[in-house]
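Participant: Take a look at this one; I'll ask things after.
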Amino acid sequence: EAVREIVRAAKKDALVIMTLYSPFMWAGHTATLPVLQRHMEDDPEAVKRGLEMLTESQMSFVNACIKIGVDGFYMSTQGSETGQFKDPQLFIDYVKPSDLVAMKEVSSTCPFNILHVCDYNAPYAGYDAVLDYPGQVVNVNPQLVDRLLSWQQISGMFKRPNMGGLDRHGILSSGTNEQIEEEVRRVLKNAPSQFILGADCTVPGDTDWGRLKHAINVAHRFAG
């Protein structure tokens, strides 16, 4: 019902993009991440069956949203972060297949989807495991475990437009208007041509909306 009301109220003026957590993330929210990690290490086949059931539920949600009229999804993935599993192959063999079921469906149906590689739990050593994930736009954190990627590098890796540039816990949430303007201009000056200014993940709920509006206005002035 909430999705239907959002589409009714906003679709005529803006894209309606629904957040879509992966089945692995759903499982972590339900069982807690430490429990999920332990079970994945001990009996991945059992976890696989659970992820398949969550995927069925996820597809019901996805199809309902598509029928209502959303324009796309903010498709979030976790599991390939540094230290998530003792054996990184667990992500490839068990997490990735469940990720891709809904992602491929929405990519074939909806005109605009964003791939979000979420670093909420831990940073990444690299993004090789998700380079082939669908999504018209990619939202990642350029700060890896041991180096900072440029947006030009990220654009070359994923070969599609990027979104991000602003640390959700940094100047965007605590800086002055002057600091926000300086940071926005710095990011855009060094960004590739196909780039959407945004945060590296969902901004905290207590972030002053005035800061976000200021960042947007600066970006619009920069673009001319």
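Each chain of the structure tokens is named A, B, ... in the order shown, its residues numbered from 1; ligands are numbered from 1 in display order.
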Counting only C-alpha atoms, what are the residues of segment 93-204 of chain A within 9 Å of segment 31-48 of chain A, and for each of them which pair of atoms is the nearest and at what distance in Å, to one decimal? Sort the table by chain and rising number, as a tab-separated table.

Facilitator:
```
residue	atom	partner	partner_atom	distance
A:Tyr94	CA	A:Lys48	CA	6.1
A:Val95	CA	A:Lys48	CA	7.9
A:Ser98	CA	A:Lys48	CA	8.4
```

Participant: Could you take the residues named above and write them with C-alpha atoms, as a tab-separated table (two decimals), in the first residue's frame?

Facilitator:
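File produced: again_10.tsv:
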```tsv
chain	number	residue	atom	x	y	z
A	94	TYR	CA	25.89	-19.39	-2.83
A	95	VAL	CA	25.23	-15.67	-2.41
A	98	SER	CA	20.42	-15.61	-5.21
```

Participant: Mind listing the strand (DSSP E) residues of segment 26-223 of chain A, per DSSP on the backbone, as a PyMOL selection string?

Facilitator: chain A and resi 72-77+114-117+137-139+162-166+195-199

Participant: Tell me which protein, DNA and RNA residues are within 10 Å of Phe158 of chain A, counting only C-alpha atoms, leaving out same-chain ones fewer than 4 positions away, and put them as a PDB file with N, CA and C atoms, in the first residue's frame.

Facilitator:
```pdb
ATOM      1  N   TYR A 127      36.157  -4.978  -6.370  1.00  0.00           N
ATOM      2  CA  TYR A 127      34.785  -5.208  -6.824  1.00  0.00           C
ATOM      3  C   TYR A 127      34.676  -6.253  -7.930  1.00  0.00           C
ATOM      4  N   ASP A 128      35.712  -7.071  -8.096  1.00  0.00           N
ATOM      5  CA  ASP A 128      35.716  -8.055  -9.182  1.00  0.00           C
ATOM      6  C   ASP A 128      34.509  -8.989  -9.141  1.00  0.00           C
ATOM      7  N   VAL A 130      31.488  -8.502  -8.423  1.00  0.00           N
ATOM      8  CA  VAL A 130      30.179  -7.938  -8.785  1.00  0.00           C
ATOM      9  C   VAL A 130      30.218  -7.101 -10.061  1.00  0.00           C
ATOM     10  N   LEU A 131      31.308  -7.150 -10.784  1.00  0.00           N
ATOM     11  CA  LEU A 131      31.416  -6.336 -11.996  1.00  0.00           C
ATOM     12  C   LEU A 131      30.370  -6.700 -13.041  1.00  0.00           C
ATOM     13  N   ASP A 132      29.924  -7.959 -13.029  1.00  0.00           N
ATOM     14  CA  ASP A 132      28.936  -8.398 -14.021  1.00  0.00           C
ATOM     15  C   ASP A 132      27.500  -8.293 -13.521  1.00  0.00           C
ATOM     16  N   TYR A 133      27.282  -7.699 -12.355  1.00  0.00           N
ATOM     17  CA  TYR A 133      25.920  -7.504 -11.864  1.00  0.00           C
ATOM     18  C   TYR A 133      25.206  -6.482 -12.753  1.00  0.00           C
ATOM     19  N   PRO A 134      23.894  -6.643 -12.943  1.00  0.00           N
ATOM     20  CA  PRO A 134      23.153  -5.678 -13.761  1.00  0.00           C
ATOM     21  C   PRO A 134      22.921  -4.360 -13.027  1.00  0.00           C
ATOM     22  N   GLY A 135      22.372  -3.402 -13.754  1.00  0.00           N
ATOM     23  CA  GLY A 135      22.104  -2.077 -13.210  1.00  0.00           C
ATOM     24  C   GLY A 135      22.593  -1.016 -14.178  1.00  0.00           C
ATOM     25  N   VAL A 137      23.114   2.068 -13.484  1.00  0.00           N
ATOM     26  CA  VAL A 137      24.012   2.963 -12.755  1.00  0.00           C
ATOM     27  C   VAL A 137      24.604   2.191 -11.583  1.00  0.00           C
ATOM     28  N   VAL A 138      25.855   2.511 -11.233  1.00  0.00           N
ATOM     29  CA  VAL A 138      26.541   1.812 -10.143  1.00  0.00           C
ATOM     30  C   VAL A 138      26.860   2.783  -9.015  1.00  0.00           C
ATOM     31  N   GLN A 153      38.469   5.454 -12.576  1.00  0.00           N
ATOM     32  CA  GLN A 153      38.793   4.028 -12.477  1.00  0.00           C
ATOM     33  C   GLN A 153      37.527   3.189 -12.312  1.00  0.00           C
ATOM     34  N   ILE A 154      36.623   3.647 -11.461  1.00  0.00           N
ATOM     35  CA  ILE A 154      35.381   2.905 -11.229  1.00  0.00           C
ATOM     36  C   ILE A 154      34.557   2.836 -12.510  1.00  0.00           C
ATOM     37  N   ASN A 162      28.256   6.144 -12.991  1.00  0.00           N
ATOM     38  CA  ASN A 162      28.424   5.980 -11.545  1.00  0.00           C
ATOM     39  C   ASN A 162      27.548   6.960 -10.784  1.00  0.00           C
TER      40      ASN A 162
END
```

Participant: Please return, as a ChimeraX atom specification, all residues of segment 35-173 of chain A that DSSP assigns to helix (DSSP H, G or I) on the basis of the backbone.

Facilitator: /A:35-42,44-68,89-109,128-130,151-158,171-173

Participant: Restrict the selected residues to C-alpha atoms and save them as a compact mmCIF listing (two decimals), in the first residue's frame.

Facilitator:
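Wrote it out as part.txt, contents follow:
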```
# COMPACT_ATOMS: atom_id res chain seq x y z
CA VAL A 35 24.72 -16.33 12.88
CA LEU A 36 24.33 -16.25 9.09
CA GLN A 37 28.10 -16.26 8.59
CA ARG A 38 28.53 -19.21 10.94
CA HIS A 39 25.84 -21.25 9.23
CA MET A 40 27.24 -20.38 5.81
CA GLU A 41 30.67 -21.63 6.87
CA ASP A 42 29.28 -24.80 8.50
CA PRO A 44 26.26 -23.69 2.96
CA GLU A 45 23.85 -26.08 1.23
CA ALA A 46 21.32 -25.61 4.03
CA VAL A 47 21.72 -21.84 3.81
CA LYS A 48 21.29 -22.08 0.04
CA ARG A 49 17.83 -23.59 0.53
CA GLY A 50 16.92 -20.76 2.85
CA LEU A 51 18.14 -18.17 0.36
CA GLU A 52 16.06 -19.81 -2.36
CA MET A 53 12.95 -19.46 -0.21
CA LEU A 54 13.76 -15.82 0.51
CA THR A 55 14.26 -15.29 -3.22
CA GLU A 56 10.73 -16.55 -3.90
CA SER A 57 9.36 -14.06 -1.38
CA GLN A 58 11.52 -11.31 -2.85
CA MET A 59 10.19 -12.00 -6.33
CA SER A 60 6.62 -11.63 -5.08
CA PHE A 61 7.54 -8.18 -3.73
CA VAL A 62 9.38 -7.22 -6.92
CA ASN A 63 6.55 -8.27 -9.22
CA ALA A 64 3.99 -6.43 -7.11
CA CYS A 65 6.08 -3.24 -7.23
CA ILE A 66 6.50 -3.54 -11.00
CA LYS A 67 2.76 -4.01 -11.43
CA ILE A 68 2.08 -0.91 -9.32
CA GLN A 89 34.23 -18.70 -3.03
CA LEU A 90 31.18 -19.05 -0.76
CA PHE A 91 29.96 -15.72 -2.09
CA ILE A 92 30.37 -16.81 -5.71
CA ASP A 93 28.74 -20.22 -5.22
CA TYR A 94 25.89 -19.39 -2.83
CA VAL A 95 25.23 -15.67 -2.41
CA LYS A 96 25.69 -14.39 -5.95
CA PRO A 97 23.16 -16.76 -7.59
CA SER A 98 20.42 -15.61 -5.21
CA ASP A 99 21.40 -11.96 -5.78
CA LEU A 100 21.00 -12.24 -9.52
CA VAL A 101 17.49 -13.74 -9.70
CA ALA A 102 15.62 -10.53 -8.88
CA MET A 103 18.30 -8.26 -10.30
CA LYS A 104 18.04 -9.85 -13.73
CA GLU A 105 14.24 -9.73 -13.61
CA VAL A 106 14.04 -6.02 -12.80
CA SER A 107 16.77 -5.21 -15.31
CA SER A 108 14.70 -6.80 -18.07
CA THR A 109 11.52 -5.03 -16.97
CA ASP A 128 35.72 -8.06 -9.18
CA ALA A 129 32.98 -10.34 -7.80
CA VAL A 130 30.18 -7.94 -8.78
CA TRP A 151 35.70 7.71 -10.27
CA GLN A 152 37.44 7.42 -13.60
CA GLN A 153 38.79 4.03 -12.48
CA ILE A 154 35.38 2.91 -11.23
CA SER A 155 33.77 3.97 -14.49
CA GLY A 156 36.33 1.92 -16.40
CA MET A 157 35.77 -1.12 -14.19
CA PHE A 158 31.98 -1.23 -14.40
CA ILE A 171 30.88 16.80 5.34
CA LEU A 172 27.41 16.03 3.99
CA SER A 173 26.15 15.30 7.51
```

Participant: Under the rule that only C-alpha atoms are counted, which of A:Asp146, A:Glu178, A:Glu81, A:Asp87 is the nearest residue to Asn121 of chain A?

Facilitator: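 The closest residue to Asn121 of chain A is A:Glu81.
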
Participant: Which residue, A:Ala215, A:Arg160, A:Val7, A:Ile196, has the smallest gap to Val184 of chain A when you use only C-alpha atoms?

Facilitator: A:Ala215

Participant: Which is closer to Leu115 of chain A than all the others in A:Met75, A:Leu166, A:Val16, A:Ala191, using only C-alpha atoms?

Facilitator: A:Met75

Participant: Atom CA of Pro161 of chain A to atom CA of Val187 of chain A: how many Å, to one decimal?

Facilitator: 14.7 Å

Participant: Give me the residues within 12 Å of Gly205 of chain A as an mmCIF file with N, CA and C atoms, in the first residue's frame, counting only C-alpha atoms and dropping any in the same chain fewer than 5 places off.

Facilitator:
```
data_model
loop_
_atom_site.group_PDB
_atom_site.id
_atom_site.type_symbol
_atom_site.label_atom_id
_atom_site.label_comp_id
_atom_site.auth_asym_id
_atom_site.auth_seq_id
_atom_site.Cartn_x
_atom_site.Cartn_y
_atom_site.Cartn_z
ATOM 1 N N ARG A 168 28.573 9.743 3.379
ATOM 2 C CA ARG A 168 27.315 9.970 4.107
ATOM 3 C C ARG A 168 27.545 10.375 5.555
ATOM 4 N N HIS A 169 28.719 10.043 6.117
ATOM 5 C CA HIS A 169 29.029 10.397 7.503
ATOM 6 C C HIS A 169 29.997 11.578 7.591
ATOM 7 N N SER A 173 26.968 15.379 6.297
ATOM 8 C CA SER A 173 26.148 15.298 7.509
ATOM 9 C C SER A 173 26.562 16.296 8.586
ATOM 10 N N LEU A 212 21.300 18.506 2.192
ATOM 11 C CA LEU A 212 21.118 17.773 0.940
ATOM 12 C C LEU A 212 20.675 18.721 -0.179
#
```

Participant: Just checking: using only C-alpha atoms, which residue out of A:Gly83, A:Gly28, A:Gly224, A:Gly164 ends up closest to Val117 of chain A?

Facilitator: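 So, comparing all the options, the nearest one is A:Gly164.
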
Participant: Please measure the separation of atom CA of Phe24 of chain A and atom CA of Ile6 of chain A, giving the value in Å to one decimal.

Facilitator: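 Pair atom CA of Phe24 of chain A / atom CA of Ile6 of chain A returns 26.5 Å.
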
Participant: Enter the distance from atom CA of Gln179 of chain A to atom CA of Leu149 of chain A, in Å, rounded to one decimal.

Facilitator: 22.0 Å

Participant: Using only C-alpha atoms, can you tell me which of A:Ala122, A:Lys159, A:Asp71, A:Thr207 comes closest to Phe85 of chain A?

Facilitator: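 Distance minimum relative to Phe85 of chain A lands on A:Ala122.
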
Participant: Which is closer to Ser174 of chain A than all the others in A:Pro88, A:Gly210, A:Gly79, A:Pro123, using only C-alpha atoms?

Facilitator: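 So, comparing all the options, the nearest one is A:Gly210.
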